[in-house]
Number of protein chains: 2
Amino acid sequence: MNVRTLCLGILSFTQMTGYDIRKLAAEGNFSHFCEANYGSIYPALSQLTKDGLVVFTDEAIDGKPPRKIYSITEKGRHHLFETLNKQPGPDRFKSEFLFYSLFQDKMEPLEFRKLLVRKIAETRDTLTSLQNANDCCDHAPSHFALGYGVAMNKAVLDYLKTYLTSFDEHNQTSETIETDKD
Amino acid sequence: MNVRTLCLGILSFTQMTGYDIRKLAAEGNFSHFCEANYGSIYPALSQLTKDGLVVFTDEAIDGKPPRKIYSITEKGRHHLFETLNKQPGPDRFKSEFLFYSLFQDKMEPLEFRKLLVRKIAETRDTLTSLQNANDCCDHAPSHFALGYGVAMNKAVLDYLKTYLTSFDEHNQTSETIETDKD
DNA sequence: ATCAGATATATCGATTTGATATAATTTGTT
DNA sequence: AACAAATTATATCAAATCGATATATCTGAT
């Protein structure tokens, strides 16, 4: 799915600026399953405008800075639902952390432990913010997507915590280094 | 993490061709947390060669087709571990399926149900192949990464199956359409 | 009053994707 | 044995996307 379709989908919920779209996709309630940068969003909006799938009102009132509020058109809505009739592509997961973990036996135990601990904290934060979003959000379909994220992160958090425990048992690295090993 | 580092990391385990690297990254034991195409791998290998981080033996024996077997150099190994000393970037998850799910109330119930069922089957397949890989694999650090994938997919599978059940309860769409609704 | 941070649009080089071309080898089928 | 199909293997290219940066205004805090 390309950024054009992403923009179109987001605009089908409510009108907004390119800035808002990026925020939603990179930091907001959609950010756990999609992503897009200014560098792809603004060109996508230009293209969509050219194709008549969205329109914008150039709000340049009272010398205020220009602010393009984009709305989806009927044609755009139609185009979107045609796209949604095709079957979705596969999910993609990329983890630099897991790549790093492949070299854990080449690192100092305490070095890898740091990575683990940081990852646990990150996952906990992500989980909390997804749960909060899920509690606040009143858009039913979003609940499903947020719940998916919650389930995934919960499982990851459990896995990491269990691994940290066994890691410490095998390495005596929990906090103070012990004596009776090797 | 760029494709150059990915190639370098893979080559630190064993020498192989660009073709093999792509296979590992797109279909093999690494594919659940990374990805790369020929279009980025071959240029990356060229660059790495130019920088002296890898070398290749051009195996053109007996008129056989050329086959470049790449190996990491000492310089490359050093470079890799310098990179691994920096902290890893965040995980990225992209799901076209979850994006589609945001419009489930705009679809025919049976249409969305199809998506759900297909996703469940896919997840089950992924889970099985990750579990198999984990059983066969003898490289300890890979176990951690594979186990992570197993945990994630197991949680997702549970979530989807539970959702399907409740979806059917609310829609009477399980197989035959019932009568006493609305 | 000023200064940091948020809002907002936009562009650009570098990177990556996804598709395709080419060709030899291996495997499977009849 | 002959043939077709799949796999192995390198390589390139346009299009899409990333990531960083430039610019300018507005808002809230001290």
# chains A, B, ... in the order shown; residues from 1 in each chain; ligands from 1
call {"tool": "interface_residues", "arguments": {"of": "chain D", "to": "chain B", "cutoff": "9 Å", "atoms": "only C-alpha atoms (C1' of nucleotides)", "output": "NGL selection string"}}
result
:D and (8-12)
call {"tool": "select_by_dssp", "arguments": {"residues": "chain B", "states": "alpha helix (DSSP H)", "output": "PyMOL selection string"}}
result
chain B and resi 3-11+18-26+38-50+74-85+96-101+109-136+140-171
call {"tool": "interface_residues", "arguments": {"of": "chain C", "to": "chain B", "cutoff": "12 Å", "atoms": "only C-alpha atoms (C1' of nucleotides)", "output": "PyMOL selection string"}}
result
chain C and resi 14-20+22-25
call {"tool": "write_last_selection", "arguments": {"atoms": "N, CA and C atoms (P, O5', C5', C4', C3', O3' and C1' of nucleotides)", "output": "PDB file, in the first residue's frame"}}
result
ATOM      1  P    DA C  14      23.750  12.186  -2.576  1.00  0.00           P
ATOM      2  O5'  DA C  14      22.971  11.093  -1.740  1.00  0.00           O
ATOM      3  C5'  DA C  14      22.839  11.255  -0.326  1.00  0.00           C
ATOM      4  C4'  DA C  14      22.159  10.037   0.243  1.00  0.00           C
ATOM      5  C3'  DA C  14      22.676   8.702  -0.289  1.00  0.00           C
ATOM      6  O3'  DA C  14      22.811   7.834   0.822  1.00  0.00           O
ATOM      7  C1'  DA C  14      20.337   8.888  -0.717  1.00  0.00           C
ATOM      8  P    DT C  15      23.303   6.309   0.656  1.00  0.00           P
ATOM      9  O5'  DT C  15      21.915   5.533   0.782  1.00  0.00           O
ATOM     10  C5'  DT C  15      21.027   5.855   1.844  1.00  0.00           C
ATOM     11  C4'  DT C  15      19.725   5.110   1.648  1.00  0.00           C
ATOM     12  C3'  DT C  15      19.899   3.625   1.309  1.00  0.00           C
ATOM     13  O3'  DT C  15      19.238   2.922   2.348  1.00  0.00           O
ATOM     14  C1'  DT C  15      18.298   4.665  -0.122  1.00  0.00           C
ATOM     15  P    DT C  16      19.272   1.304   2.484  1.00  0.00           P
ATOM     16  O5'  DT C  16      17.924   0.904   1.734  1.00  0.00           O
ATOM     17  C5'  DT C  16      16.700   1.494   2.155  1.00  0.00           C
ATOM     18  C4'  DT C  16      15.593   1.098   1.203  1.00  0.00           C
ATOM     19  C3'  DT C  16      15.597  -0.389   0.806  1.00  0.00           C
ATOM     20  O3'  DT C  16      14.396  -0.943   1.321  1.00  0.00           O
ATOM     21  C1'  DT C  16      15.221   1.056  -1.069  1.00  0.00           C
ATOM     22  P    DT C  17      13.909  -2.449   0.954  1.00  0.00           P
ATOM     23  O5'  DT C  17      12.899  -2.153  -0.239  1.00  0.00           O
ATOM     24  C5'  DT C  17      11.905  -1.145  -0.064  1.00  0.00           C
ATOM     25  C4'  DT C  17      11.014  -1.086  -1.282  1.00  0.00           C
ATOM     26  C3'  DT C  17      10.481  -2.421  -1.770  1.00  0.00           C
ATOM     27  O3'  DT C  17       9.083  -2.264  -1.963  1.00  0.00           O
ATOM     28  C1'  DT C  17      11.539  -1.276  -3.551  1.00  0.00           C
ATOM     29  P    DG C  18       8.154  -3.561  -2.030  1.00  0.00           P
ATOM     30  O5'  DG C  18       8.032  -3.779  -3.594  1.00  0.00           O
ATOM     31  C5'  DG C  18       7.767  -2.651  -4.433  1.00  0.00           C
ATOM     32  C4'  DG C  18       7.853  -3.068  -5.879  1.00  0.00           C
ATOM     33  C3'  DG C  18       7.589  -4.546  -6.165  1.00  0.00           C
ATOM     34  O3'  DG C  18       6.846  -4.621  -7.363  1.00  0.00           O
ATOM     35  C1'  DG C  18       9.693  -3.974  -7.018  1.00  0.00           C
ATOM     36  P    DA C  19       6.227  -5.991  -7.905  1.00  0.00           P
ATOM     37  O5'  DA C  19       6.491  -5.866  -9.457  1.00  0.00           O
ATOM     38  C5'  DA C  19       6.810  -4.571 -10.018  1.00  0.00           C
ATOM     39  C4'  DA C  19       7.771  -4.728 -11.167  1.00  0.00           C
ATOM     40  C3'  DA C  19       7.693  -6.059 -11.904  1.00  0.00           C
ATOM     41  O3'  DA C  19       7.346  -5.833 -13.255  1.00  0.00           O
ATOM     42  C1'  DA C  19       9.965  -5.470 -11.435  1.00  0.00           C
ATOM     43  P    DT C  20       7.135  -7.025 -14.321  1.00  0.00           P
ATOM     44  O5'  DT C  20       8.520  -6.996 -15.118  1.00  0.00           O
ATOM     45  C5'  DT C  20       9.120  -5.752 -15.462  1.00  0.00           C
ATOM     46  C4'  DT C  20      10.553  -5.991 -15.895  1.00  0.00           C
ATOM     47  C3'  DT C  20      10.735  -7.218 -16.782  1.00  0.00           C
ATOM     48  O3'  DT C  20      11.203  -6.816 -18.053  1.00  0.00           O
ATOM     49  C1'  DT C  20      12.413  -7.096 -15.098  1.00  0.00           C
ATOM     50  P    DT C  22      16.766  -9.430 -22.452  1.00  0.00           P
ATOM     51  O5'  DT C  22      17.923 -10.352 -21.858  1.00  0.00           O
ATOM     52  C5'  DT C  22      19.045  -9.771 -21.196  1.00  0.00           C
ATOM     53  C4'  DT C  22      19.855 -10.860 -20.527  1.00  0.00           C
ATOM     54  C3'  DT C  22      19.881 -12.190 -21.290  1.00  0.00           C
ATOM     55  O3'  DT C  22      21.200 -12.442 -21.720  1.00  0.00           O
ATOM     56  C1'  DT C  22      19.563 -12.505 -18.953  1.00  0.00           C
ATOM     57  P    DA C  23      21.461 -13.610 -22.836  1.00  0.00           P
ATOM     58  O5'  DA C  23      21.905 -14.833 -21.918  1.00  0.00           O
ATOM     59  C5'  DA C  23      22.997 -14.678 -21.006  1.00  0.00           C
ATOM     60  C4'  DA C  23      23.055 -15.881 -20.095  1.00  0.00           C
ATOM     61  C3'  DA C  23      22.721 -17.210 -20.796  1.00  0.00           C
ATOM     62  O3'  DA C  23      23.676 -18.157 -20.405  1.00  0.00           O
ATOM     63  C1'  DA C  23      21.498 -17.016 -18.845  1.00  0.00           C
ATOM     64  P    DA C  24      24.115 -19.346 -21.374  1.00  0.00           P
ATOM     65  O5'  DA C  24      24.637 -20.418 -20.324  1.00  0.00           O
ATOM     66  C5'  DA C  24      25.499 -19.994 -19.258  1.00  0.00           C
ATOM     67  C4'  DA C  24      25.151 -20.768 -18.000  1.00  0.00           C
ATOM     68  C3'  DA C  24      25.028 -22.285 -18.212  1.00  0.00           C
ATOM     69  O3'  DA C  24      25.816 -22.948 -17.255  1.00  0.00           O
ATOM     70  C1'  DA C  24      23.098 -21.440 -17.122  1.00  0.00           C
ATOM     71  P    DT C  25      26.101 -24.513 -17.344  1.00  0.00           P
ATOM     72  O5'  DT C  25      25.323 -25.062 -16.065  1.00  0.00           O
ATOM     73  C5'  DT C  25      25.334 -24.296 -14.848  1.00  0.00           C
ATOM     74  C4'  DT C  25      24.224 -24.804 -13.945  1.00  0.00           C
ATOM     75  C3'  DT C  25      24.086 -26.328 -13.918  1.00  0.00           C
ATOM     76  O3'  DT C  25      24.155 -26.742 -12.567  1.00  0.00           O
ATOM     77  C1'  DT C  25      21.978 -25.288 -14.247  1.00  0.00           C
TER      78       DT C  25
END
call {"tool": "interface_residues", "arguments": {"of": "chain B", "to": "chain A", "cutoff": "7 Å", "atoms": "only C-alpha atoms", "output": "number ranges by chain"}}
result
B: 1, 32-34, 84, 88-98, 100-104, 141-142, 145, 148, 151-152, 155-156, 159
call {"tool": "write_last_selection", "arguments": {"atoms": "C-alpha atoms", "output": "CSV table (one decimal), in the first residue's frame"}}
result
chain,number,residue,atom,x,y,z
B,1,MET,CA,20.2,-0.1,9.8
B,32,HIS,CA,10.7,-12.3,10.1
B,33,PHE,CA,12.7,-9.3,11.2
B,34,CYS,CA,14.4,-7.9,8.1
B,84,LEU,CA,26.8,-2.8,16.7
B,88,PRO,CA,19.7,0.0,17.5
B,89,GLY,CA,16.9,2.0,16.0
B,90,PRO,CA,13.3,1.3,16.8
B,91,ASP,CA,11.4,-1.7,15.5
B,92,ARG,CA,9.0,-1.0,12.6
B,93,PHE,CA,5.8,-2.8,11.9
B,94,LYS,CA,3.7,-2.1,8.9
B,95,SER,CA,0.3,-3.8,8.4
B,96,GLU,CA,-1.8,-3.3,5.3
B,97,PHE,CA,-4.3,-5.7,6.9
B,98,LEU,CA,-4.7,-3.4,10.0
B,100,TYR,CA,-7.9,-2.3,5.9
B,101,SER,CA,-9.5,-3.2,9.2
B,102,LEU,CA,-10.1,0.5,9.9
B,103,PHE,CA,-12.8,0.3,7.3
B,104,GLN,CA,-14.4,-2.9,8.4
B,141,PRO,CA,21.4,-16.4,19.2
B,142,SER,CA,19.0,-17.2,16.4
B,145,ALA,CA,15.1,-14.0,17.5
B,148,TYR,CA,10.5,-13.6,19.6
B,151,ALA,CA,5.7,-15.3,20.7
B,152,MET,CA,4.5,-12.4,18.5
B,155,ALA,CA,-0.3,-13.7,20.4
B,156,VAL,CA,-1.6,-12.3,17.1
B,159,TYR,CA,-6.2,-12.3,19.1
call {"tool": "residues_around", "arguments": {"residues": "D:DT30", "least_positions_apart": "4", "cutoff": "12 Å", "atoms": "only C-alpha atoms (C1' of nucleotides)", "output": "PDB file with N, CA and C atoms (P, O5', C5', C4', C3', O3' and C1' of nucleotides), in the first residue's frame"}}
result
ATOM      1  P    DA C   1       7.808  43.891  24.970  1.00  0.00           P
ATOM      2  O5'  DA C   1       8.870  43.710  26.192  1.00  0.00           O
ATOM      3  C5'  DA C   1      10.241  44.005  25.990  1.00  0.00           C
ATOM      4  C4'  DA C   1      11.065  42.733  26.090  1.00  0.00           C
ATOM      5  C3'  DA C   1      11.406  42.091  24.731  1.00  0.00           C
ATOM      6  O3'  DA C   1      12.784  41.723  24.794  1.00  0.00           O
ATOM      7  C1'  DA C   1      10.294  40.490  26.083  1.00  0.00           C
ATOM      8  P    DT C   2      13.599  41.445  23.519  1.00  0.00           P
ATOM      9  O5'  DT C   2      13.850  39.899  23.786  1.00  0.00           O
ATOM     10  C5'  DT C   2      14.240  39.453  25.093  1.00  0.00           C
ATOM     11  C4'  DT C   2      14.066  37.943  25.204  1.00  0.00           C
ATOM     12  C3'  DT C   2      14.387  37.172  23.914  1.00  0.00           C
ATOM     13  O3'  DT C   2      15.077  35.992  24.264  1.00  0.00           O
ATOM     14  C1'  DT C   2      12.292  36.550  24.676  1.00  0.00           C
ATOM     15  P    DC C   3      16.381  35.503  23.495  1.00  0.00           P
ATOM     16  O5'  DC C   3      16.573  34.025  24.063  1.00  0.00           O
ATOM     17  C5'  DC C   3      15.890  33.610  25.263  1.00  0.00           C
ATOM     18  C4'  DC C   3      15.022  32.396  24.998  1.00  0.00           C
ATOM     19  C3'  DC C   3      15.417  31.560  23.756  1.00  0.00           C
ATOM     20  O3'  DC C   3      15.580  30.210  24.158  1.00  0.00           O
ATOM     21  C1'  DC C   3      13.086  31.971  23.783  1.00  0.00           C
ATOM     22  P    DA C   4      16.293  29.121  23.204  1.00  0.00           P
ATOM     23  O5'  DA C   4      15.426  27.830  23.514  1.00  0.00           O
ATOM     24  C5'  DA C   4      14.900  27.623  24.831  1.00  0.00           C
ATOM     25  C4'  DA C   4      13.633  26.806  24.756  1.00  0.00           C
ATOM     26  C3'  DA C   4      13.690  25.629  23.778  1.00  0.00           C
ATOM     27  O3'  DA C   4      13.084  24.498  24.385  1.00  0.00           O
ATOM     28  C1'  DA C   4      11.905  27.074  23.174  1.00  0.00           C
TER      29       DA C   4
END
call {"tool": "select_by_dssp", "arguments": {"residues": "stretch 18-97 of chain A", "states": "strand (DSSP E)", "output": "list in words"}}
result
Val54, Val55, Phe56, Thr57, Asp58, Lys68, Ile69, Tyr70, Ser71, Ile72, Arg92, Phe93 and Lys94 of chain A
call {"tool": "write_last_selection", "arguments": {"atoms": "N, CA and C atoms", "output": "PDB file, in the first residue's frame"}}
result
ATOM      1  N   VAL A  54      -8.642  14.330  -3.920  1.00  0.00           N
ATOM      2  CA  VAL A  54      -8.784  15.202  -2.747  1.00  0.00           C
ATOM      3  C   VAL A  54      -8.816  16.656  -3.225  1.00  0.00           C
ATOM      4  N   VAL A  55      -9.330  17.533  -2.373  1.00  0.00           N
ATOM      5  CA  VAL A  55      -9.253  18.976  -2.639  1.00  0.00           C
ATOM      6  C   VAL A  55      -8.755  19.644  -1.361  1.00  0.00           C
ATOM      7  N   PHE A  56      -8.247  20.877  -1.501  1.00  0.00           N
ATOM      8  CA  PHE A  56      -7.845  21.579  -0.278  1.00  0.00           C
ATOM      9  C   PHE A  56      -8.339  23.014  -0.312  1.00  0.00           C
ATOM     10  N   THR A  57      -8.627  23.515   0.876  1.00  0.00           N
ATOM     11  CA  THR A  57      -8.968  24.921   1.008  1.00  0.00           C
ATOM     12  C   THR A  57      -7.734  25.626   1.518  1.00  0.00           C
ATOM     13  N   ASP A  58      -7.267  26.601   0.771  1.00  0.00           N
ATOM     14  CA  ASP A  58      -6.053  27.316   1.152  1.00  0.00           C
ATOM     15  C   ASP A  58      -6.433  28.397   2.148  1.00  0.00           C
ATOM     16  N   LYS A  68      -3.034  24.246   4.254  1.00  0.00           N
ATOM     17  CA  LYS A  68      -3.876  23.542   3.295  1.00  0.00           C
ATOM     18  C   LYS A  68      -4.645  22.433   3.977  1.00  0.00           C
ATOM     19  N   ILE A  69      -5.943  22.611   4.096  1.00  0.00           N
ATOM     20  CA  ILE A  69      -6.759  21.579   4.709  1.00  0.00           C
ATOM     21  C   ILE A  69      -7.351  20.698   3.619  1.00  0.00           C
ATOM     22  N   TYR A  70      -6.915  19.462   3.608  1.00  0.00           N
ATOM     23  CA  TYR A  70      -7.325  18.538   2.553  1.00  0.00           C
ATOM     24  C   TYR A  70      -8.592  17.773   2.939  1.00  0.00           C
ATOM     25  N   SER A  71      -9.487  17.592   1.964  1.00  0.00           N
ATOM     26  CA  SER A  71     -10.675  16.741   2.149  1.00  0.00           C
ATOM     27  C   SER A  71     -10.730  15.761   0.992  1.00  0.00           C
ATOM     28  N   ILE A  72     -11.316  14.622   1.258  1.00  0.00           N
ATOM     29  CA  ILE A  72     -11.480  13.620   0.208  1.00  0.00           C
ATOM     30  C   ILE A  72     -12.704  13.990  -0.638  1.00  0.00           C
ATOM     31  N   ARG A  92       4.715  -6.361   7.452  1.00  0.00           N
ATOM     32  CA  ARG A  92       6.167  -6.298   7.461  1.00  0.00           C
ATOM     33  C   ARG A  92       6.678  -5.887   8.825  1.00  0.00           C
ATOM     34  N   PHE A  93       7.624  -6.640   9.323  1.00  0.00           N
ATOM     35  CA  PHE A  93       8.205  -6.326  10.623  1.00  0.00           C
ATOM     36  C   PHE A  93       9.709  -6.241  10.457  1.00  0.00           C
ATOM     37  N   LYS A  94      10.270  -5.118  10.874  1.00  0.00           N
ATOM     38  CA  LYS A  94      11.724  -4.956  10.824  1.00  0.00           C
ATOM     39  C   LYS A  94      12.224  -4.632  12.212  1.00  0.00           C
TER      40      LYS A  94
END
